[in-house]
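To start, the structure under review is shown below, and the notes come after it.
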Amino acid sequence: MVGKFAYYLIIIPFSHLPLFVLYRLADLMYLLLITVLPYRRKVIRQNIAWSFPSKSKKERKLLERKFYRYFSNLMMESVKGLSISKKSLLKRIKIENPEVMQDLYSKGKDVLLVGGHYNNWEWLILAQDLIFDHKAIGVGKPLSNKFFNEKFNARRERFGMTVTNNKELKDCFNKYLNKKKPAAVLLLADQSPGDSLKSYWMDFLNKLTPVIYGPEYLAVKYDTAVVFMEMKRTGKGNYSLKLEKLVEAPRETSWGEITEAHTRAMEKVILDKPEFWIWSHKRWKRTLPPDMESLVKSQQNKFQKLIANVKG
């Protein structure tokens, strides 16, 4: 009941406010975050310290403040996304090199669009089916609140995106992949995996890190191209997408090649403009498996079996 009240009487009416008004509210939110409401400050500071050990305390403090400023604007832009018009959305997201996706579409190639929680990914979810010829699919973790999950996903899907989750993934892929019209699946692969034993472990931002293996597995199983997307902020409320084709023939790759490629691409983006990544995520909460050598051998064997199965 409280959720419905908040959604219909607070969140949706707020989303219809002009962006310049929401940005003023973001300024207030920023002041609260750096003073009396320090959202996940301990997590943010620890993540920044781990990732930038050579930065001084003053430099890390500045990055923390820049992140809170970005985060405040992101929250208001996300609220605006619940009611933003198609025309306004298309004005605010441009593609630097659309020929990358156009070429794959002309070849009838399904695509995994791999990226991270960097800049305004929510607007990308909204716009994906509008800016690419491929059928848009987004994979995400359902919200714990069923009402909010249904309402927010309905808003995300209003311009053509199909939102799915891990439980529904197989049915969704069977419906849309390897069909006459190619599909593009959006995967944000920078969060902490659910199981350290099913993760790919590698150095990332100066720390041994478990990385979600899903993109590599899905690319090989469904024979999709893998395209990394960098979302750049070109101005307040304006973004551009830079695309990089990492792999077109995933079944010709070696174990870990795809995961290394998209994670290194994400790392490069973060190091260039670190304030636009979500430092409040508990990214390094998984513990290192006790026997890495056995784990690696097991994962390599499973990869080889997958390759053998899909190649028939």
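Residues are named by chain letter and number: chains run A, B, ... in the order of the structure tokens, numbers start at 1 in each chain, and ligands are numbered from 1 in the order shown.
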inquiry  = If you run DSSP on the backbone here, which positions in stretch 10-245 of chain A get alpha helix (DSSP H)? Please write them as a PyMOL selection string.
reply    = chain A and resi 12-15+19-33+41-51+57-81+86-92+99-106+121-131+146-156+169-176+214-222
Write to file, as a tab-separated table (two decimals), in the first residue's frame, the residues of the selection just made, with C-alpha atoms.
chain	number	residue	atom	x	y	z
A	12	ILE	CA	5.30	9.66	-11.10
A	13	PRO	CA	4.26	13.30	-10.45
A	14	PHE	CA	7.93	14.15	-9.79
A	15	SER	CA	8.93	12.50	-13.06
A	19	LEU	CA	14.69	18.41	-15.91
A	20	PHE	CA	16.01	21.79	-14.81
A	21	VAL	CA	13.76	21.57	-11.72
A	22	LEU	CA	14.89	18.00	-11.02
A	23	TYR	CA	18.52	19.12	-11.28
A	24	ARG	CA	17.88	21.72	-8.58
A	25	LEU	CA	16.55	18.91	-6.41
A	26	ALA	CA	19.70	16.97	-7.29
A	27	ASP	CA	21.76	19.87	-5.93
A	28	LEU	CA	19.89	19.57	-2.63
A	29	MET	CA	20.34	15.80	-2.63
A	30	TYR	CA	24.08	16.24	-3.21
A	31	LEU	CA	24.38	18.56	-0.21
A	32	LEU	CA	22.56	16.04	1.96
A	33	LEU	CA	24.76	13.18	0.75
A	41	ARG	CA	30.13	6.28	2.40
A	42	LYS	CA	32.17	3.46	3.96
A	43	VAL	CA	31.69	1.25	0.88
A	44	ILE	CA	32.49	4.10	-1.50
A	45	ARG	CA	35.66	5.08	0.33
A	46	GLN	CA	36.89	1.50	0.57
A	47	ASN	CA	36.24	0.84	-3.13
A	48	ILE	CA	38.05	4.02	-4.17
A	49	ALA	CA	40.99	3.30	-1.86
A	50	TRP	CA	41.36	-0.24	-3.26
A	51	SER	CA	41.13	0.97	-6.86
A	57	LYS	CA	43.65	11.30	0.59
A	58	LYS	CA	42.73	14.67	-0.91
A	59	GLU	CA	42.39	13.19	-4.40
A	60	ARG	CA	40.22	10.32	-3.17
A	61	LYS	CA	38.02	12.79	-1.27
A	62	LEU	CA	37.56	14.82	-4.46
A	63	LEU	CA	36.59	11.71	-6.40
A	64	GLU	CA	34.09	10.81	-3.68
A	65	ARG	CA	32.45	14.23	-3.97
A	66	LYS	CA	32.36	14.02	-7.77
A	67	PHE	CA	30.68	10.64	-7.48
A	68	TYR	CA	28.02	11.98	-5.11
A	69	ARG	CA	27.37	14.85	-7.53
A	70	TYR	CA	26.97	12.42	-10.44
A	71	PHE	CA	24.86	10.03	-8.34
A	72	SER	CA	22.46	12.84	-7.36
A	73	ASN	CA	21.93	13.82	-10.99
A	74	LEU	CA	21.56	10.17	-11.99
A	75	MET	CA	18.78	9.62	-9.46
A	76	MET	CA	16.82	12.55	-10.84
A	77	GLU	CA	17.43	11.53	-14.45
A	78	SER	CA	16.21	8.04	-13.58
A	79	VAL	CA	13.01	9.52	-12.13
A	80	LYS	CA	12.61	11.60	-15.30
A	81	GLY	CA	13.06	8.44	-17.34
A	86	LYS	CA	10.46	9.43	-27.10
A	87	LYS	CA	11.37	12.70	-28.84
A	88	SER	CA	13.24	14.08	-25.82
A	89	LEU	CA	15.04	10.78	-25.23
A	90	LEU	CA	16.31	10.58	-28.80
A	91	LYS	CA	17.63	14.14	-28.55
A	92	ARG	CA	19.66	13.21	-25.49
A	99	GLU	CA	27.93	1.42	-38.37
A	100	VAL	CA	29.18	-1.19	-35.85
A	101	MET	CA	25.64	-2.39	-35.11
A	102	GLN	CA	24.39	-1.74	-38.64
A	103	ASP	CA	27.02	-4.07	-40.08
A	104	LEU	CA	26.11	-6.87	-37.66
A	105	TYR	CA	22.40	-6.37	-38.39
A	106	SER	CA	23.02	-6.64	-42.12
A	121	TRP	CA	22.32	3.21	-18.22
A	122	GLU	CA	18.59	3.59	-17.43
A	123	TRP	CA	18.09	5.93	-20.38
A	124	LEU	CA	20.01	3.49	-22.56
A	125	ILE	CA	17.57	0.73	-21.54
A	126	LEU	CA	14.70	2.99	-22.60
A	127	ALA	CA	16.29	4.02	-25.90
A	128	GLN	CA	17.89	0.78	-27.09
A	129	ASP	CA	15.02	-0.39	-29.30
A	130	LEU	CA	14.78	3.10	-30.81
A	131	ILE	CA	18.43	3.62	-31.69
A	146	LYS	CA	6.90	-7.04	-6.81
A	147	PHE	CA	4.79	-3.90	-7.34
A	148	PHE	CA	7.80	-1.67	-8.11
A	149	ASN	CA	9.39	-4.38	-10.26
A	150	GLU	CA	6.29	-4.65	-12.46
A	151	LYS	CA	5.76	-0.89	-12.73
A	152	PHE	CA	9.38	0.03	-13.43
A	153	ASN	CA	9.78	-2.75	-16.00
A	154	ALA	CA	6.59	-1.64	-17.74
A	155	ARG	CA	8.06	1.85	-18.00
A	156	ARG	CA	11.36	0.46	-19.31
A	169	LEU	CA	16.35	-16.02	-19.80
A	170	LYS	CA	16.25	-19.35	-21.64
A	171	ASP	CA	12.65	-18.91	-22.80
A	172	CYS	CA	13.32	-15.31	-23.83
A	173	PHE	CA	16.42	-16.23	-25.84
A	174	ASN	CA	14.64	-19.13	-27.53
A	175	LYS	CA	11.91	-16.70	-28.55
A	176	TYR	CA	14.08	-13.88	-29.89
A	214	GLY	CA	27.44	-15.06	-18.13
A	215	PRO	CA	28.29	-12.88	-21.15
A	216	GLU	CA	30.98	-15.27	-22.34
A	217	TYR	CA	28.82	-18.36	-21.79
A	218	LEU	CA	25.81	-16.85	-23.55
A	219	ALA	CA	27.88	-15.53	-26.47
A	220	VAL	CA	29.33	-18.99	-27.11
A	221	LYS	CA	26.08	-20.89	-26.55
A	222	TYR	CA	23.98	-18.66	-28.82
Residue contacts of A:Ala225 (9 Å, only C-alpha atoms) excluding same-chain residues fewer than 5 positions away, as a PDB file with C-alpha atoms, in the first residue's frame:
ATOM      1  CA  LEU A 104      26.107  -6.874 -37.661  1.00  0.00           C
ATOM      2  CA  LYS A 109      23.965 -11.409 -36.325  1.00  0.00           C
ATOM      3  CA  ASP A 110      22.550 -11.376 -32.802  1.00  0.00           C
ATOM      4  CA  VAL A 111      24.557  -9.229 -30.385  1.00  0.00           C
ATOM      5  CA  LEU A 112      25.415  -9.111 -26.716  1.00  0.00           C
ATOM      6  CA  LEU A 113      25.767  -5.442 -25.774  1.00  0.00           C
ATOM      7  CA  ALA A 219      27.878 -15.532 -26.471  1.00  0.00           C
ATOM      8  CA  LYS A 245      33.084  -4.842 -31.518  1.00  0.00           C
ATOM      9  CA  LEU A 246      35.056  -7.237 -29.341  1.00  0.00           C
ATOM     10  CA  VAL A 247      34.122 -10.569 -30.913  1.00  0.00           C
ATOM     11  CA  GLU A 248      32.094 -11.620 -33.953  1.00  0.00           C
ATOM     12  CA  ALA A 249      32.836 -15.364 -33.867  1.00  0.00           C
ATOM     13  CA  PRO A 250      32.680 -16.338 -30.161  1.00  0.00           C
TER      14      PRO A 250
END
query = So which one's closest to A:Arg251, A:Ile93, A:Val36, A:Ala308, A:Leu143? Using only C-alpha atoms, please.
reply =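 Nearest to A:Arg251: A:Ala308.
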query = What lies within 10 Å of A:Ile11 using only C-alpha atoms, ignoring chain neighbours under 5 positions off, as a ChimeraX atom specification?
reply = /A:4-6,16,79-80,82
query = How many Å separate atom CA of A:Gly108 from atom CA of A:Lys180?
reply =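 Atom CA of A:Gly108 sits 7.3 Å away from atom CA of A:Lys180.
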inquiry  = Give me the residues near stretch 188-192 of chain A as a list of chain:residue names, where near means some atom within 9 Å (using only C-alpha atoms) and where sequence neighbours in that chain fewer than 3 positions away do not count.
reply    = A:Leu113, A:Val114, A:Gly115, A:Gly116, A:His117, A:Trp121, A:Val139, A:Gly140, A:Asp195, A:Ser196, A:Thr209, A:Pro210, A:Val211, A:Ile212, A:Tyr213, A:Gly214, A:Pro215, A:His262, A:Thr263, A:Met266, A:His281, A:Lys282, A:Arg283, A:Trp284, A:Lys285, A:Arg286
message = Taking only C-alpha atoms into account, name the residue in A:Ser240, A:Ser199, A:Asn206, A:Ser298 that is nearest to A:Pro53.
response =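 Checking each of A:Ser240, A:Ser199, A:Asn206, A:Ser298 against A:Pro53, counting only C-alpha atoms, the winner is A:Asn206.
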request  = Give the answer as one residue: which of A:Pro18, A:Pro98, A:Gly256, A:Pro142 has the shortest atom-to-atom distance to A:Asn165, using only C-alpha atoms?
outcome  = A:Pro142
